[in-house]
Amino acid sequence: MAVRIGLAFNLKPEAPANPAGAEPSSPTSPDESSARALRDDLPQPDLYAEWDEPATIDAVERALGTVGQVYRLEADESFPARLALIRPDFVFNIAEGLYGPNREGHVPAICEFLGIPYHASDPLTLGLSLDKRRAKEVLAYRGVPTAPFVLARSPGDARKVDLPFPLFVKPCFEGSGKGVSVKSLCRNRSQLVRQVSKLLATYAEPVLIETYLPGLEFTVAVLGNGAEARCLPIVGMRFDTLPAGAPPIYGYEAKWLWDSPSHPLEIFDCPAHIPEALAGQVRAVALAAYHALECRDWCRVDIRCDAANRPMVVELNPLPGILPDPRDNSCFPKAARAAGMGYDDLIRTVADIAWRRISGRSLLAEVA
Ligand SMILES: Nc1ncnc2c1ncn2[C@@H]1O[C@H](COP(=O)(O)OP(=O)(O)O)[C@@H](O)[C@H]1O
Ligand SMILES: [Mg+2]
């Protein structure tokens, strides 16, 4: 009998209808991504930036449908009741959640409450990774390199920071470029205090202040568990593709404003053209971070080199972005393609890794 897979997701809501006379856009148009990411009608324009497009959810559903029977489970208020009713064999979880720093752990926690297994990391790992400061504390304790940092809860904290400039600031509990902009790079105290104050007011959460890492940047897709965890080809960032004069930062502007399928930013270099010795160090740091945070099944690790060219962990993404269209800039699928794995293969492989961890059986073998 087919394995019953619940697909948990959060669907990015559409913006309200266009003003009278404006052409309605097609709901599947890929160029909508930036319009959907920035919503002027919301108190926080990037509130839903982390949520998924219909095309992504459909693509994951299609791929999972080749290895099991899929039940779509939107992670809204009715999710716990529907999950309890359907009781799938396991949940494939791409839901980002909405409220608070534990939002990414809500779906896995509900699964645990109901005794239903799920794919990917547990609520503790998801909560730790979303809290960039706590993730860095665990990394530092485990000897995984990461930039020096302090936390600011008030503009006064920013006035007292004694780390050397330049510094980099970002909200502590966000993802998908939220709150990371060209203004995150602060070269002096007045820039620092201004930007920290702005982020505190916008996101109502602590702000992480870190040493600015000026070197090469990479992101590494990791697949598997325990000794079988492995890195897909490294993605390098080509900052020379950013608009002239823009600082080398892969933040909100680069993710959502300067990149669209019709005008793609050719920012990713995969496999990264770097010496093998550096590639080896980057992979080792990525795997060390993956194991330190006890990630499961998959995760994408962001890494950037310091002034001495040493790779440092910037953050972990245990719910990685997985846009299906190859024209979209989406690192995990891109790294998979560089390893000869198409989108469906990637999703099937991740589901198989999860199902082997959960049941000891191969999902791929069960449908063969
Ligand atoms: N300490 C830092 N030094 C230099 N650049 C940084 C630093 N932290 C973040 N960045 C830049 O900002 C980008 C986004 O930061 P990140 O923490 O990965 O946030 P997000 O969760 O939005 O991806 C990184 O990809 C990198 O380009
Ligand atoms: Mg990142």
# chains A, B, ... in the order shown; residues from 1 in each chain; ligands from 1
>>> closest_atom_pairs(of="chain A", to="ligand 2", cutoff="8 Å", atoms="only C-alpha atoms and all ligand atoms", output="CSV")
residue,atom,partner,partner_atom_place_in_ligand_line,distance
A:Gly175,CA,ligand 2,1 (Mg),6.6
A:Ser176,CA,ligand 2,1 (Mg),6.6
A:Gly177,CA,ligand 2,1 (Mg),6.8
A:Tyr250,CA,ligand 2,1 (Mg),7.7
A:Gly251,CA,ligand 2,1 (Mg),7.9
A:Val301,CA,ligand 2,1 (Mg),7.9
A:Asp302,CA,ligand 2,1 (Mg),5.7
A:Val314,CA,ligand 2,1 (Mg),7.2
A:Glu315,CA,ligand 2,1 (Mg),6.1
A:Leu316,CA,ligand 2,1 (Mg),7.3
A:Asn317,CA,ligand 2,1 (Mg),7.2
>>> write_last_selection(atoms="C-alpha atoms", output="CSV table (one decimal), in the first residue's frame")
chain,number,residue,atom,x,y,z
A,175,GLY,CA,14.8,34.8,7.2
A,176,SER,CA,14.5,35.2,3.5
A,177,GLY,CA,16.3,38.6,3.6
A,250,TYR,CA,22.8,38.9,-0.4
A,251,GLY,CA,19.9,40.6,1.4
A,301,VAL,CA,24.2,26.4,5.6
A,302,ASP,CA,25.2,30.0,4.8
A,314,VAL,CA,26.4,33.0,9.0
A,315,GLU,CA,23.2,31.0,9.6
A,316,LEU,CA,21.5,27.7,9.1
A,317,ASN,CA,18.3,27.2,7.0
>>> residues_near_ligand(ligand="ligand 1", cutoff="9 Å", atoms="only C-alpha atoms and all ligand atoms", output="ChimeraX atom specification")
/A:130,132,146-149,166-182,184-185,209-215,217-219,237,239,248-252,255,301-306,312-317
>>> closest_residue(among="A:Asp328, A:Glu137, A:Asp345, A:Glu77", to="Val150 in chain A", atoms="only C-alpha atoms")
A:Glu137
>>> closest_atom_pairs(of="range 184-252 of chain A", to="range 156-164 of chain A", cutoff="12 Å", atoms="only C-alpha atoms", output="CSV")
residue,atom,partner,partner_atom,distance
A:Cys186,CA,A:Pro164,CA,10.8
A:Arg187,CA,A:Pro164,CA,9.5
A:Asn188,CA,A:Pro164,CA,9.3
A:Arg189,CA,A:Arg159,CA,7.0
A:Ser190,CA,A:Arg159,CA,8.5
A:Gln191,CA,A:Ala158,CA,10.1
A:Leu192,CA,A:Ala158,CA,6.7
A:Val193,CA,A:Ala158,CA,5.5
A:Arg194,CA,A:Ala158,CA,9.1
A:Gln195,CA,A:Ala158,CA,9.4
A:Val196,CA,A:Ala158,CA,6.8
A:Ser197,CA,A:Ala158,CA,8.5
A:Lys198,CA,A:Ala158,CA,11.7
A:Leu199,CA,A:Ala158,CA,11.7
A:Leu200,CA,A:Ala158,CA,11.0
A:Pro206,CA,A:Asp157,CA,10.3
A:Val207,CA,A:Ala158,CA,9.3
A:Leu208,CA,A:Ala158,CA,10.0
A:Ile209,CA,A:Ala158,CA,8.2
A:Glu210,CA,A:Leu163,CA,8.1
A:Thr211,CA,A:Leu163,CA,7.0
A:Tyr212,CA,A:Pro164,CA,9.2
A:Leu213,CA,A:Pro164,CA,11.9
>>> closest_residue(among="A:Pro324, A:Glu50, A:His273, A:Gly68", to="Glu366 in chain A", atoms="only C-alpha atoms")
A:Gly68
>>> closest_residue(among="A:Pro326, A:Pro88, A:Pro318, A:Pro145", to="Gln281 in chain A", atoms="only C-alpha atoms")
A:Pro145
>>> select_by_dssp(residues="range 48-198 of chain A", states="helix (DSSP H, G or I)", output="number ranges by chain")
A: 54-65, 79-86, 103-114, 123-130, 132-141, 155-160, 182-184, 189-198
>>> closest_atom_pairs(of="range 201-273 of chain A", to="range 290-294 of chain A", cutoff="10 Å", atoms="only C-alpha atoms", output="Markdown table")
| residue | atom | partner | partner_atom | distance |
| --- | --- | --- | --- | --- |
| A:Val222 | CA | A:Tyr290 | CA | 7.7 |
| A:Leu223 | CA | A:Tyr290 | CA | 9.7 |
| A:Asn225 | CA | A:His291 | CA | 8.8 |
| A:Gly226 | CA | A:His291 | CA | 7.8 |
| A:Ala227 | CA | A:His291 | CA | 9.8 |
| A:Ala229 | CA | A:Tyr290 | CA | 8.7 |
>>> write_last_selection(atoms="N, CA, C and O atoms", output="JSON list (two decimals), in the first residue's frame")
[["chain", "number", "residue", "atom", "x", "y", "z"],
["A", 222, "VAL", "N", 22.98, 20.59, 2.41],
["A", 222, "VAL", "CA", 23.38, 19.32, 3.04],
["A", 222, "VAL", "C", 22.19, 18.38, 3.03],
["A", 222, "VAL", "O", 21.06, 18.79, 3.31],
["A", 223, "LEU", "N", 22.45, 17.12, 2.69],
["A", 223, "LEU", "CA", 21.42, 16.08, 2.63],
["A", 223, "LEU", "C", 21.85, 14.90, 3.47],
["A", 223, "LEU", "O", 23.02, 14.51, 3.40],
["A", 225, "ASN", "N", 21.57, 12.01, 7.01],
["A", 225, "ASN", "CA", 21.65, 11.96, 8.46],
["A", 225, "ASN", "C", 22.90, 11.24, 8.93],
["A", 225, "ASN", "O", 23.42, 10.37, 8.23],
["A", 226, "GLY", "N", 23.37, 11.62, 10.12],
["A", 226, "GLY", "CA", 24.52, 10.95, 10.72],
["A", 226, "GLY", "C", 25.71, 10.92, 9.78],
["A", 226, "GLY", "O", 26.00, 11.90, 9.08],
["A", 227, "ALA", "N", 26.38, 9.76, 9.73],
["A", 227, "ALA", "CA", 27.59, 9.64, 8.93],
["A", 227, "ALA", "C", 27.29, 9.75, 7.43],
["A", 227, "ALA", "O", 28.19, 9.96, 6.62],
["A", 229, "ALA", "N", 25.41, 12.09, 6.08],
["A", 229, "ALA", "CA", 25.15, 13.49, 5.66],
["A", 229, "ALA", "C", 26.24, 13.92, 4.69],
["A", 229, "ALA", "O", 27.42, 13.67, 4.91]]
>>> closest_residue(among="A:Ile358, A:Ala338, A:Ala365, A:Ala204", to="Phe90 in chain A", atoms="only C-alpha atoms")
A:Ile358
>>> atom_distance(atom1="CA of Phe332 in chain A", atom2="CA of Ala221 in chain A")
5.7 Å
>>> closest_residue(among="A:Arg310, A:Arg296, A:His263, A:Arg327", to="His119 in chain A", atoms="only C-alpha atoms")
A:Arg296
